[in-house]
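J.: Contents of my_file-v3.cif (mmCIF, C-alpha atoms) are below:
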```cif
data_upload
loop_
_atom_site.label_atom_id
_atom_site.label_comp_id
_atom_site.auth_asym_id
_atom_site.auth_seq_id
_atom_site.Cartn_x
_atom_site.Cartn_y
_atom_site.Cartn_z
CA MET A 71 -1.08 7.89 -32.09
CA GLY A 72 -1.88 7.95 -35.78
CA LYS A 73 -5.14 6.03 -35.23
CA GLU A 74 -3.18 2.78 -34.92
CA SER A 75 -4.00 0.16 -32.32
CA ILE A 76 -1.60 -1.64 -30.02
CA ARG A 77 -1.84 -4.91 -28.17
CA PHE A 78 0.20 -5.93 -25.14
CA ILE A 79 0.39 -8.36 -22.23
CA HIS A 80 0.77 -7.31 -18.59
CA ALA A 81 2.21 -10.03 -16.34
CA GLY A 82 4.64 -10.55 -13.48
CA ASP A 83 5.32 -12.14 -10.09
CA PHE A 84 6.37 -15.47 -11.62
CA HIS A 85 8.49 -16.28 -8.52
CA LEU A 86 10.11 -19.21 -10.26
CA GLU A 87 12.30 -19.71 -7.19
CA ARG A 88 9.31 -20.63 -5.01
CA PRO A 89 7.83 -24.14 -4.76
CA MET A 90 4.18 -24.97 -4.27
CA GLN A 91 3.10 -24.90 -0.62
CA ASP A 92 0.35 -26.03 1.77
CA LEU A 93 0.64 -29.62 0.62
CA ILE A 94 0.18 -32.40 3.17
CA ASP A 95 1.10 -35.92 2.12
CA LEU A 96 2.48 -34.83 -1.25
CA PRO A 97 0.92 -37.06 -3.91
CA GLU A 98 3.56 -39.08 -5.77
CA HIS A 99 1.72 -38.99 -9.08
CA LEU A 100 1.46 -35.17 -8.99
CA LYS A 101 4.99 -34.35 -7.78
CA GLN A 102 6.48 -33.52 -11.16
CA ALA A 103 3.43 -31.54 -12.23
CA LEU A 104 3.63 -29.53 -8.99
CA VAL A 105 7.31 -28.80 -9.57
CA ASP A 106 6.68 -27.74 -13.17
CA ALA A 107 3.50 -25.72 -12.54
CA PRO A 108 5.04 -22.23 -12.00
CA TRP A 109 7.30 -22.68 -15.03
CA LYS A 110 4.47 -23.96 -17.24
CA ALA A 111 2.25 -21.04 -16.23
CA ALA A 112 4.98 -18.51 -17.05
CA GLU A 113 5.77 -20.24 -20.34
CA ALA A 114 2.10 -20.04 -21.35
CA ILE A 115 2.28 -16.24 -21.12
CA PHE A 116 5.14 -16.02 -23.62
CA GLU A 117 3.48 -18.56 -25.91
CA THR A 118 0.32 -16.44 -25.96
CA ALA A 119 2.36 -13.34 -26.77
CA ILE A 120 3.63 -15.10 -29.89
CA VAL A 121 0.30 -16.63 -30.93
CA GLU A 122 -1.54 -13.33 -30.45
CA ASN A 123 1.31 -11.38 -32.09
CA VAL A 124 1.31 -8.69 -29.41
CA ASP A 125 3.44 -5.58 -29.77
CA PHE A 126 5.14 -5.91 -26.40
CA VAL A 127 5.09 -7.63 -23.02
CA LEU A 128 5.11 -5.72 -19.73
CA LEU A 129 6.73 -7.59 -16.84
CA ALA A 130 5.96 -6.04 -13.44
CA GLY A 131 8.73 -7.60 -11.34
CA ASP A 132 9.53 -10.57 -9.09
CA LEU A 133 10.02 -12.97 -11.99
CA LEU A 134 12.71 -14.97 -10.23
CA ASN A 135 15.63 -14.79 -7.86
CA PRO A 136 18.55 -15.65 -10.17
CA VAL A 137 20.64 -16.87 -7.23
CA SER A 138 18.19 -19.30 -5.59
CA CYS A 139 16.78 -20.37 -8.97
CA GLY A 140 20.18 -21.50 -10.19
CA ALA A 141 21.14 -21.53 -13.84
CA ALA A 142 17.74 -22.87 -14.90
CA GLY A 143 15.96 -19.61 -14.08
CA PRO A 144 17.95 -17.14 -16.19
CA ALA A 145 18.24 -19.75 -18.96
CA PHE A 146 14.45 -20.10 -19.05
CA LEU A 147 13.89 -16.36 -19.32
CA ILE A 148 16.56 -15.89 -21.97
CA GLN A 149 14.97 -18.62 -24.07
CA GLN A 150 11.55 -16.99 -23.82
CA PHE A 151 12.94 -13.53 -24.59
CA GLU A 152 14.79 -14.83 -27.65
CA GLU A 153 11.62 -16.45 -29.00
CA LEU A 154 9.87 -13.09 -28.68
CA GLN A 155 12.78 -11.33 -30.36
CA LYS A 156 12.38 -13.54 -33.43
CA ARG A 157 8.86 -12.10 -33.78
CA ASN A 158 9.99 -8.53 -33.07
CA ILE A 159 8.06 -8.47 -29.78
CA GLN A 160 9.52 -6.06 -27.24
CA VAL A 161 9.82 -6.76 -23.50
CA TYR A 162 9.70 -4.03 -20.86
CA TRP A 163 10.72 -5.30 -17.44
CA ALA A 164 10.53 -3.42 -14.13
CA GLY A 165 12.34 -5.45 -11.47
CA GLY A 166 10.80 -6.10 -8.07
CA GLN A 167 12.22 -7.25 -4.76
CA VAL A 168 13.63 -10.65 -5.80
CA ASP A 169 14.70 -9.72 -9.33
CA ASP A 170 16.65 -6.60 -8.46
CA PRO A 171 18.47 -5.63 -11.69
CA GLU A 172 21.77 -5.73 -9.82
CA ARG A 173 21.23 -9.44 -9.08
CA TRP A 174 21.08 -10.37 -12.75
CA PRO A 175 24.24 -12.32 -13.69
CA ASP A 176 26.75 -10.16 -15.56
CA ALA A 177 27.69 -13.15 -17.71
CA VAL A 178 24.12 -13.52 -19.02
CA ALA A 179 23.35 -10.80 -21.56
CA LEU A 180 19.72 -9.89 -22.16
CA PRO A 181 18.54 -9.98 -25.79
CA GLY A 182 18.19 -6.65 -27.59
CA ASN A 183 14.39 -6.67 -27.39
CA VAL A 184 14.45 -6.55 -23.55
CA HIS A 185 14.59 -3.29 -21.64
CA LEU A 186 15.24 -3.80 -17.93
CA PHE A 187 14.42 -0.55 -16.15
CA SER A 188 16.79 1.08 -13.70
CA LYS A 189 16.09 1.04 -9.97
CA ARG A 190 17.74 4.44 -9.52
CA GLN A 191 15.49 6.63 -11.63
CA LEU A 192 12.38 6.62 -13.78
CA GLU A 193 13.01 5.90 -17.46
CA PRO A 194 10.72 6.76 -20.38
CA VAL A 195 10.87 4.38 -23.35
CA ILE A 196 9.00 4.98 -26.60
CA TYR A 197 7.45 2.08 -28.48
CA ARG A 198 7.45 2.73 -32.22
CA ARG A 199 5.98 0.94 -35.21
CA ASN A 200 7.28 1.86 -38.65
CA GLY A 201 8.89 4.93 -37.12
CA PHE A 202 5.69 6.23 -35.49
CA ALA A 203 5.57 6.65 -31.71
CA LEU A 204 2.55 4.72 -30.40
CA ALA A 205 3.18 4.24 -26.69
CA THR A 206 5.32 5.68 -23.91
CA ILE A 207 6.34 3.27 -21.16
CA LEU A 208 7.42 4.96 -17.93
CA GLY A 209 9.21 2.35 -15.87
CA ARG A 210 11.29 1.95 -12.79
CA SER A 211 12.51 -1.15 -11.00
CA SER A 212 11.90 -1.30 -7.27
CA ASP A 213 14.55 0.40 -5.16
CA GLY A 214 13.54 -1.59 -2.08
CA ARG A 215 10.81 0.74 -0.91
CA GLU A 216 7.41 -0.83 -0.38
CA SER A 217 5.22 1.88 -1.94
CA ILE A 218 5.05 3.21 -5.48
CA ARG A 219 5.60 6.98 -5.55
CA ALA A 220 3.05 8.28 -8.04
CA ALA A 221 4.66 11.74 -8.24
CA GLU A 222 7.67 10.22 -10.02
CA PHE A 223 5.50 9.24 -12.99
CA GLN A 224 4.95 12.74 -14.31
CA THR A 225 4.99 13.23 -18.06
CA GLU A 226 4.13 15.87 -20.62
CA ALA A 227 0.96 15.27 -22.61
CA ASP A 228 1.44 13.93 -26.13
CA ASP A 229 -0.37 11.68 -28.60
CA THR A 230 1.09 8.39 -27.34
CA TYR A 231 -0.62 5.91 -25.04
CA VAL A 232 1.13 6.37 -21.69
CA ILE A 233 1.85 3.33 -19.54
CA ALA A 234 3.38 3.33 -16.05
CA LEU A 235 5.16 0.08 -15.13
CA ALA A 236 6.07 -0.47 -11.48
CA HIS A 237 6.29 -3.01 -8.65
CA GLY A 238 5.04 -2.30 -5.13
CA VAL A 239 2.08 -1.19 -3.04
CA ALA A 240 -0.07 1.35 -4.86
CA ASP A 241 -2.42 4.01 -3.49
CA ARG A 242 -5.28 4.37 -5.96
CA ASP A 243 -6.02 8.03 -5.23
CA SER A 244 -2.41 9.14 -5.61
CA LEU A 245 -2.10 7.26 -8.91
CA LEU A 246 -5.16 9.09 -10.25
CA SER A 247 -3.32 12.38 -9.88
CA GLN A 248 -0.95 11.57 -12.76
CA ARG A 249 -1.64 11.66 -16.52
CA ILE A 250 -1.27 7.95 -17.13
CA ASP A 251 -3.50 5.88 -19.42
CA TYR A 252 -2.61 2.46 -17.97
CA TRP A 253 -0.94 1.59 -14.67
CA ALA A 254 0.75 -1.83 -15.03
CA LEU A 255 1.43 -2.89 -11.46
CA GLY A 256 3.01 -5.90 -9.75
CA GLY A 257 3.73 -6.95 -6.19
CA ASN A 258 0.41 -8.45 -5.10
CA HIS A 259 -0.06 -12.11 -6.00
CA GLN A 260 -3.81 -11.73 -6.46
CA ARG A 261 -4.92 -10.22 -9.77
CA GLN A 262 -6.84 -7.00 -9.11
CA THR A 263 -8.52 -4.06 -10.77
CA LEU A 264 -7.87 -0.84 -8.85
CA HIS A 265 -9.65 1.37 -11.37
CA GLY A 266 -11.90 -0.20 -13.98
CA GLU A 267 -12.10 2.72 -16.40
CA ALA A 268 -9.62 5.20 -17.83
CA PRO A 269 -7.10 5.67 -16.39
CA HIS A 270 -6.90 1.90 -16.01
CA MET A 271 -5.09 0.48 -12.99
CA ARG A 272 -4.38 -3.23 -12.92
CA ILE A 273 -2.35 -5.58 -10.74
CA CYS A 274 -1.36 -8.63 -12.74
CA GLY A 275 -0.95 -11.09 -9.85
CA THR A 276 1.09 -14.27 -10.12
CA PRO A 277 0.38 -16.73 -12.95
CA GLN A 278 0.44 -19.67 -10.49
CA GLY A 279 -0.90 -19.54 -6.93
CA ARG A 280 1.39 -21.22 -4.39
CA SER A 281 -0.80 -21.62 -1.28
CA PHE A 282 -4.28 -21.24 0.16
CA THR A 283 -3.53 -17.55 0.75
CA GLU A 284 -3.29 -17.30 -3.06
CA ASP A 285 -6.50 -19.12 -3.88
CA GLY A 286 -8.66 -18.67 -6.94
CA SER A 287 -7.71 -18.09 -10.56
CA HIS A 288 -4.32 -16.73 -11.65
CA GLY A 289 -2.84 -15.50 -14.89
CA TYR A 290 -2.25 -12.13 -16.55
CA TRP A 291 -3.94 -9.30 -18.46
CA THR A 292 -4.19 -8.79 -22.22
CA VAL A 293 -4.80 -5.21 -23.34
CA GLU A 294 -5.97 -3.97 -26.73
CA VAL A 295 -5.90 -0.21 -27.28
CA ASP A 296 -7.57 1.36 -30.30
CA GLY A 297 -6.66 4.56 -32.08
CA ASN A 298 -8.79 6.59 -29.67
CA HIS A 299 -6.95 5.18 -26.63
CA ASP A 300 -9.96 3.10 -25.61
CA ALA A 301 -8.76 -0.12 -24.01
CA GLN A 302 -10.28 -3.58 -23.92
CA ILE A 303 -8.72 -5.49 -21.01
CA THR A 304 -9.18 -9.22 -20.53
CA ALA A 305 -8.08 -11.53 -17.72
CA GLN A 306 -6.38 -14.70 -18.96
CA ASP A 307 -5.88 -17.75 -16.73
CA VAL A 308 -2.80 -19.95 -17.05
CA ASP A 309 -2.54 -21.60 -13.62
CA VAL A 310 -1.95 -25.34 -13.73
CA PHE A 311 -3.06 -25.95 -10.13
CA ARG A 312 -5.68 -23.96 -8.25
CA TYR A 313 -6.06 -23.74 -4.48
CA VAL A 314 -9.62 -23.91 -3.16
CA THR A 315 -11.09 -23.90 0.36
CA GLN A 316 -14.48 -25.55 0.81
CA THR A 317 -16.55 -25.15 3.98
CA LEU A 318 -19.41 -27.39 5.08
CA ASP A 319 -21.37 -25.59 7.77
CA THR A 320 -24.01 -26.84 10.15
CA GLU A 321 -26.78 -25.88 7.71
CA ASP A 322 -25.26 -28.13 5.05
CA LEU A 323 -24.98 -31.00 7.50
CA ALA A 324 -28.47 -30.38 8.94
CA MET A 325 -30.01 -31.13 5.56
CA GLY A 326 -29.47 -34.77 6.41
CA ARG A 327 -27.09 -35.60 3.60
CA ASP A 328 -24.00 -37.66 4.23
CA VAL A 329 -20.69 -35.77 4.38
CA ARG A 330 -19.43 -37.74 1.41
CA GLN A 331 -22.48 -36.83 -0.65
CA LEU A 332 -21.94 -33.16 0.16
CA MET A 333 -18.27 -33.39 -0.80
CA THR A 334 -19.07 -35.21 -4.04
CA LYS A 335 -21.51 -32.47 -5.03
CA ARG A 336 -18.96 -29.75 -4.20
CA ILE A 337 -16.23 -31.49 -6.20
CA SER A 338 -18.51 -31.84 -9.22
CA ARG A 339 -19.25 -28.12 -9.08
CA LEU A 340 -15.56 -27.23 -8.66
CA GLN A 341 -14.57 -29.32 -11.67
CA SER A 342 -17.25 -27.63 -13.74
CA GLU A 343 -16.15 -24.14 -12.66
CA ASN A 344 -12.39 -24.63 -13.00
CA GLY A 345 -12.01 -26.50 -16.26
CA THR A 346 -9.17 -28.93 -16.86
CA ARG A 347 -6.69 -27.72 -14.24
CA HIS A 348 -5.81 -29.65 -11.09
CA LEU A 349 -7.38 -28.50 -7.82
CA ILE A 350 -5.88 -28.51 -4.33
CA VAL A 351 -8.69 -28.47 -1.78
CA ASN A 352 -8.77 -27.84 1.95
CA TRP A 353 -12.01 -28.92 3.62
CA ARG A 354 -13.43 -27.17 6.67
CA ILE A 355 -16.34 -28.66 8.60
CA GLU A 356 -18.38 -26.87 11.20
CA MET A 357 -19.44 -29.74 13.42
CA ASP A 358 -22.58 -30.31 15.39
CA LEU A 359 -20.69 -31.16 18.59
CA GLU A 360 -23.62 -32.97 20.14
CA ASN A 361 -23.21 -35.58 17.41
CA ALA A 362 -19.46 -35.28 17.04
CA THR A 363 -18.87 -38.96 17.68
CA GLN A 364 -20.14 -39.55 14.16
CA VAL A 365 -17.11 -37.74 12.73
CA GLY A 366 -14.07 -38.32 14.91
CA PRO A 367 -10.43 -38.40 13.81
CA ALA A 368 -10.52 -41.97 12.53
CA ALA A 369 -13.62 -41.24 10.44
CA LEU A 370 -12.09 -38.05 9.04
CA GLU A 371 -8.91 -39.89 8.09
CA GLU A 372 -11.01 -42.47 6.30
CA ILE A 373 -12.96 -39.74 4.46
CA LEU A 374 -9.71 -38.02 3.46
CA SER A 375 -8.35 -41.29 2.09
CA TRP A 376 -11.59 -41.82 0.17
CA LEU A 377 -11.43 -38.31 -1.32
CA ARG A 378 -7.87 -38.84 -2.50
CA ARG A 379 -8.64 -42.27 -3.87
CA GLU A 380 -11.79 -41.23 -5.73
CA TYR A 381 -10.85 -37.77 -7.01
CA GLY A 382 -7.09 -37.31 -6.57
CA HIS A 383 -6.03 -38.94 -9.84
CA GLY A 384 -6.60 -38.41 -13.52
CA THR A 385 -6.08 -35.50 -15.90
CA CYS A 386 -8.14 -33.13 -13.73
CA SER A 387 -7.33 -34.37 -10.25
CA VAL A 388 -8.84 -32.88 -7.09
CA TRP A 389 -6.32 -33.44 -4.31
CA SER A 390 -7.69 -32.96 -0.78
CA THR A 391 -4.95 -31.81 1.59
CA ASP A 392 -6.79 -31.85 4.90
CA ILE A 393 -10.09 -31.72 6.77
CA GLU A 394 -10.36 -29.16 9.56
CA VAL A 395 -13.03 -29.06 12.22
CA LEU A 396 -14.10 -25.47 12.85
CA SER A 397 -15.15 -23.93 16.10
CA PRO A 398 -18.96 -23.75 16.06
CA LYS A 399 -20.83 -20.45 15.96
CA ALA A 400 -22.36 -21.38 19.30
CA PHE A 401 -22.17 -24.28 21.74
CA PRO A 402 -25.41 -26.01 22.81
CA LYS A 403 -27.29 -23.79 25.27
CA LYS A 404 -27.96 -26.70 27.62
CA TRP A 405 -24.21 -27.23 28.00
CA GLN A 406 -23.70 -23.61 28.99
CA GLU A 407 -26.51 -23.80 31.57
CA GLU A 408 -25.16 -26.92 33.26
CA GLU A 409 -23.98 -26.61 36.86
CA THR A 410 -20.90 -28.57 35.97
CA ILE A 411 -17.26 -27.84 35.23
CA LEU A 412 -18.19 -27.83 31.53
CA GLY A 413 -20.88 -25.22 32.15
CA ASP A 414 -18.55 -23.04 34.23
CA PHE A 415 -15.88 -23.33 31.56
CA LEU A 416 -18.21 -22.32 28.72
CA ARG A 417 -19.57 -19.34 30.67
CA THR A 418 -16.03 -18.16 31.41
CA CYS A 419 -15.06 -18.57 27.76
CA ALA A 420 -18.15 -16.62 26.66
CA ASP A 421 -17.21 -13.73 28.96
CA SER A 422 -13.66 -13.75 27.64
CA ARG A 423 -14.93 -13.74 24.06
CA LYS A 424 -17.12 -10.70 24.75
CA ASN A 425 -14.14 -8.87 26.23
CA LEU A 426 -11.85 -10.04 23.39
CA GLY A 427 -9.64 -11.77 25.94
CA LYS A 428 -8.79 -8.56 27.80
CA ASN A 429 -9.42 -10.30 31.12
CA ILE A 430 -6.82 -12.97 30.30
CA ASN A 431 -3.18 -12.28 31.07
CA LEU A 432 -0.83 -14.98 29.83
CA LYS A 433 2.30 -12.88 30.04
CA THR A 434 3.42 -13.87 33.53
CA LEU A 435 2.62 -17.53 32.87
CA VAL A 436 4.46 -17.50 29.55
CA GLU A 437 7.51 -15.79 31.01
CA SER A 438 7.82 -18.27 33.87
CA GLU A 439 6.67 -21.54 32.33
CA THR A 440 7.04 -21.45 28.55
CA PRO A 441 10.35 -22.44 26.97
CA GLY A 442 11.44 -21.01 23.66
CA ASN A 443 12.77 -17.79 22.25
CA PRO A 444 11.24 -14.32 22.71
CA ALA A 445 9.57 -14.45 19.27
CA TRP A 446 7.64 -17.58 20.27
CA GLN A 447 6.63 -16.04 23.59
CA SER A 448 5.49 -12.81 21.95
CA LEU A 449 3.29 -14.85 19.61
CA LEU A 450 1.51 -16.41 22.58
CA VAL A 451 0.68 -13.03 24.07
CA ASN A 452 -0.23 -11.41 20.74
CA GLU A 453 -2.73 -8.58 21.22
CA ASP A 454 -4.09 -8.56 17.67
CA VAL A 455 -7.89 -8.93 17.87
CA ASN A 456 -8.17 -11.62 15.19
CA THR A 457 -5.30 -13.60 16.70
CA VAL A 458 -6.74 -13.39 20.22
CA THR A 459 -10.27 -14.40 19.19
CA GLY A 460 -8.89 -17.24 17.11
CA MET A 461 -6.86 -18.51 20.07
CA LEU A 462 -9.92 -18.25 22.30
CA ASP A 463 -12.01 -20.24 19.82
CA ARG A 464 -9.43 -23.01 19.61
CA ALA A 465 -8.88 -23.07 23.38
CA THR A 466 -12.64 -23.30 23.97
CA LEU A 467 -13.05 -26.16 21.54
CA LEU A 468 -10.09 -27.98 23.07
CA GLY A 469 -11.48 -27.49 26.59
CA VAL A 470 -14.91 -28.76 25.56
CA ASP A 471 -13.34 -31.80 23.97
CA LEU A 472 -11.32 -32.62 27.08
CA LEU A 473 -14.27 -32.10 29.42
CA ARG A 474 -16.53 -34.29 27.30
CA GLY A 475 -14.09 -37.21 27.15
CA HIS A 476 -12.41 -36.77 23.75
CA LYS A 477 -15.51 -37.04 21.62
CA ILE A 478 -13.53 -35.50 18.77
CA ASP A 479 -9.99 -35.95 20.13
CA LEU A 480 -8.45 -32.57 19.33
CA LEU A 481 -5.10 -33.91 20.46
CA ALA A 482 -4.86 -36.31 17.54
CA SER A 483 -1.45 -35.54 16.03
CA THR A 484 -2.51 -36.30 12.49
CA ARG A 485 -5.36 -33.80 12.35
CA LYS A 486 -5.75 -30.04 12.48
CA PHE A 487 -8.83 -29.42 14.59
CA GLY A 488 -10.11 -26.13 15.84
CA GLY A 489 -9.43 -24.04 12.75
CA THR A 490 -10.73 -20.49 12.74
CA LYS A 491 -13.13 -19.20 10.12
CA ALA A 492 -11.63 -17.05 7.40
#
```
If you took the structure in this file and wrote it as structure tokens, what would it be?
T.:
Amino acid sequence: MGKESIRFIHAGDFHLERPMQDLIDLPEHLKQALVDAPWKAAEAIFETAIVENVDFVLLAGDLLNPVSCGAAGPAFLIQQFEELQKRNIQVYWAGGQVDDPERWPDAVALPGNVHLFSKRQLEPVIYRRNGFALATILGRSSDGRESIRAAEFQTEADDTYVIALAHGVADRDSLLSQRIDYWALGGNHQRQTLHGEAPHMRICGTPQGRSFTEDGSHGYWTVEVDGNHDAQITAQDVDVFRYVTQTLDTEDLAMGRDVRQLMTKRISRLQSENGTRHLIVNWRIEMDLENATQVGPAALEEILSWLRREYGHGTCSVWSTDIEVLSPKAFPKKWQEEETILGDFLRTCADSRKNLGKNINLKTLVESETPGNPAWQSLLVNEDVNTVTGMLDRATLLGVDLLRGHKIDLLASTRKFGGTKA
């Protein structure tokens, strides 16, 4: 390697064709920012590459679907690539599922600094500075298979820093079997470290989360490698919006503080932790059902309106999408001991919960009474443990509500009650 250092960026999964999701009552004042967020996050990566004067950028697939993105998508990428070319910054791109190399428009030529790897075979590319080989990039675009085949990334030992660039599901142990210094991986939208020391294995994640399943911080990796092949790897955040789920449990509520006070404190902490970016928050409340009349649907709607009014505007807005009432960890013991229909119902539900619903057979009922296609019917009789227990929790909460005279009103069409704990 000639004792020279290299610096590069590892990013991917831009998914510029995908809009932001999990937004209820889309805020008018944030609409344009929400539309622009994925593009702004991606643009920030290329801007950093220029400011930091990196040697090259590794793109680990799923940047965009050039068909569903329209002309704006390829035009955006070409503009970014050309700006990098002016600074002699190379781009190595391994396509994923949506940016299959064969989908790229024939009429749109990639600049000379961009190498888009083949999906048919592994390609080695040498990065040189002043004629000296400093790094070897082994890349392959996805051929449609889900898993990365580590055995393909075999290489003879030399003095260059060896990087494997791929998109897909990776098995850590199989990757360790190859002589690779840095595995630059894409395909999972959450940034991850599979192996924190040499050989380094990193998943870049998406630069902008799109839903509550992609919560937390998002961005890319910057990597500095010295002449001894020791790497300093840093996570960089570029997300414009960040999805956050906040739960208020019975212990929080038992402290005697008002729900609004608790939410205000949480929001203050979130703003401190997440800097200047906008936050999209889903609230989950584990109710004390004996006092549930204090927080019914009308009250929750009023609290949601207050949250949006107080914190949903400004340069660092916190937009609350919804308030869910969670199934409690346990129903009051005195309810379960009652010699009433409510007591019988709770005892039956408890038995079903212990047996994970194995004593409940909805199949015959669904087949004879439930309209809809087979996919919908199969969902109702799903045998997955988490799905079954979640359905039992929601059914129990609904039954309790009905038997107690709509204290919470789970049937309110504007609310999502009975959520299951993550």
J.: Run the PyMOL selection byres ((chain A and resi 88) around 10) on the file and write out the hits as an MDAnalysis selection string.
T.: chainID A and resid 84:87 89:91 105 108 134:135 138:139 280
J.: Using CA of Trp291 (chain A) and CA of Ile79 (chain A) as the two end points, give the distance in Å to one decimal.
T.: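 These two atoms are separated by 5.8 Å.
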J.: For Ala81 (chain A), which residue among A:Cys386, A:Ile411, A:Val178, A:Val161 is the nearest when counting all atoms listed in the file?
T.: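 Checking each of A:Cys386, A:Ile411, A:Val178, A:Val161 against Ala81 (chain A), counting all atoms listed in the file, the winner is A:Val161.
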J.: Which residues are near Phe311 (chain A)? Cut-off 6 Å, only C-alpha atoms, ignore same chain within fewer than 2 positions. Put them as an mmCIF file with C-alpha atoms, in the frame of the given file.
T.:
```cif
data_model
loop_
_atom_site.group_PDB
_atom_site.id
_atom_site.type_symbol
_atom_site.label_atom_id
_atom_site.label_comp_id
_atom_site.auth_asym_id
_atom_site.auth_seq_id
_atom_site.Cartn_x
_atom_site.Cartn_y
_atom_site.Cartn_z
ATOM 1 C CA ASP A 309 -2.540 -21.600 -13.620
ATOM 2 C CA ARG A 347 -6.690 -27.720 -14.240
ATOM 3 C CA HIS A 348 -5.810 -29.650 -11.090
ATOM 4 C CA LEU A 349 -7.380 -28.500 -7.820
#
```
J.: When you draw a straight line from CA of Ala119 (chain A) to CA of Asp176 (chain A), how long is it in Å?
T.: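 According to the coordinates, CA of Ala119 (chain A) and CA of Asp176 (chain A) are separated by 27.0 Å.
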J.: Neighbouring residues of Thr283 (chain A) were defined as those with any atom within 12 Å, considering all atoms listed in the file; residues of the same chain fewer than 2 positions away were excluded. Please report them as an NGL selection string.
T.: :A and (90-92 or 258-260 or 279-281 or 285-286 or 312-315 or 352 or 492)
J.: Could you give me the centre and size, in Å to one decimal, of an axis-aligned box around all listed atoms of region 140-150 of chain A with 3 Å added on every side, as lines of an AutoDock Vina configuration file?
T.:
```
center_x = 16.3
center_y = -19.4
center_z = -17.1
size_x = 15.6
size_y = 13.0
size_z = 19.9
```
J.: With a cut-off of 8 Å, could you pull out the residues of region 154-237 of chain A touching region 244-254 of chain A and give me the nearest pair of atoms for each, distance in Å to one decimal, using all atoms listed in the file, ordered by chain and ascending number, as a Markdown table?
T.:
```
| residue | atom | partner | partner_atom | distance |
| --- | --- | --- | --- | --- |
| A:Ala220 | CA | A:Leu245 | CA | 5.3 |
| A:Ala221 | CA | A:Gln248 | CA | 7.2 |
| A:Phe223 | CA | A:Gln248 | CA | 6.9 |
| A:Gln224 | CA | A:Gln248 | CA | 6.2 |
| A:Thr225 | CA | A:Arg249 | CA | 7.0 |
| A:Ala227 | CA | A:Arg249 | CA | 7.5 |
| A:Tyr231 | CA | A:Asp251 | CA | 6.3 |
| A:Val232 | CA | A:Asp251 | CA | 5.2 |
| A:Ile233 | CA | A:Tyr252 | CA | 4.8 |
| A:Ala234 | CA | A:Trp253 | CA | 4.9 |
| A:Leu235 | CA | A:Ala254 | CA | 4.8 |
| A:Ala236 | CA | A:Ala254 | CA | 6.5 |
```
J.: Taking the block above, write region 220-232 of chain A with N, CA and C atoms as a PDB file, in the first residue's frame.
T.:
```
ATOM      1  N   ALA A 220     -20.423 -15.621   0.160  1.00  0.00           N
ATOM      2  CA  ALA A 220     -19.080 -15.194   0.553  1.00  0.00           C
ATOM      3  C   ALA A 220     -17.993 -15.863  -0.269  1.00  0.00           C
ATOM      4  N   ALA A 221     -18.223 -17.116  -0.696  1.00  0.00           N
ATOM      5  CA  ALA A 221     -17.193 -17.859  -1.429  1.00  0.00           C
ATOM      6  C   ALA A 221     -16.811 -17.184  -2.740  1.00  0.00           C
ATOM      7  N   GLU A 222     -17.699 -16.367  -3.291  1.00  0.00           N
ATOM      8  CA  GLU A 222     -17.397 -15.672  -4.539  1.00  0.00           C
ATOM      9  C   GLU A 222     -16.298 -14.611  -4.368  1.00  0.00           C
ATOM     10  N   PHE A 223     -16.145 -14.131  -3.138  1.00  0.00           N
ATOM     11  CA  PHE A 223     -15.241 -13.004  -2.895  1.00  0.00           C
ATOM     12  C   PHE A 223     -13.846 -13.482  -2.493  1.00  0.00           C
ATOM     13  N   GLN A 224     -13.339 -14.455  -3.230  1.00  0.00           N
ATOM     14  CA  GLN A 224     -11.993 -14.937  -2.983  1.00  0.00           C
ATOM     15  C   GLN A 224     -11.003 -14.080  -3.755  1.00  0.00           C
ATOM     16  N   THR A 225      -9.853 -13.836  -3.143  1.00  0.00           N
ATOM     17  CA  THR A 225      -8.836 -13.023  -3.799  1.00  0.00           C
ATOM     18  C   THR A 225      -7.464 -13.430  -3.290  1.00  0.00           C
ATOM     19  N   GLU A 226      -6.471 -13.237  -4.128  1.00  0.00           N
ATOM     20  CA  GLU A 226      -5.092 -13.502  -3.733  1.00  0.00           C
ATOM     21  C   GLU A 226      -4.583 -12.359  -2.860  1.00  0.00           C
ATOM     22  N   ALA A 227      -3.776 -12.711  -1.867  1.00  0.00           N
ATOM     23  CA  ALA A 227      -3.239 -11.707  -0.960  1.00  0.00           C
ATOM     24  C   ALA A 227      -2.273 -10.777  -1.692  1.00  0.00           C
ATOM     25  N   ASP A 228      -2.418  -9.481  -1.446  1.00  0.00           N
ATOM     26  CA  ASP A 228      -1.459  -8.504  -1.963  1.00  0.00           C
ATOM     27  C   ASP A 228      -1.366  -7.364  -0.962  1.00  0.00           C
ATOM     28  N   ASP A 229      -0.757  -6.256  -1.369  1.00  0.00           N
ATOM     29  CA  ASP A 229      -0.539  -5.150  -0.434  1.00  0.00           C
ATOM     30  C   ASP A 229      -1.681  -4.141  -0.410  1.00  0.00           C
ATOM     31  N   THR A 230      -2.718  -4.345  -1.228  1.00  0.00           N
ATOM     32  CA  THR A 230      -3.814  -3.377  -1.263  1.00  0.00           C
ATOM     33  C   THR A 230      -4.809  -3.653  -0.146  1.00  0.00           C
ATOM     34  N   TYR A 231      -5.591  -2.639   0.153  1.00  0.00           N
ATOM     35  CA  TYR A 231      -6.693  -2.775   1.114  1.00  0.00           C
ATOM     36  C   TYR A 231      -7.869  -3.360   0.348  1.00  0.00           C
ATOM     37  N   VAL A 232      -8.362  -4.513   0.772  1.00  0.00           N
ATOM     38  CA  VAL A 232      -9.365  -5.247   0.002  1.00  0.00           C
ATOM     39  C   VAL A 232     -10.761  -4.979   0.557  1.00  0.00           C
TER      40      VAL A 232
END
```
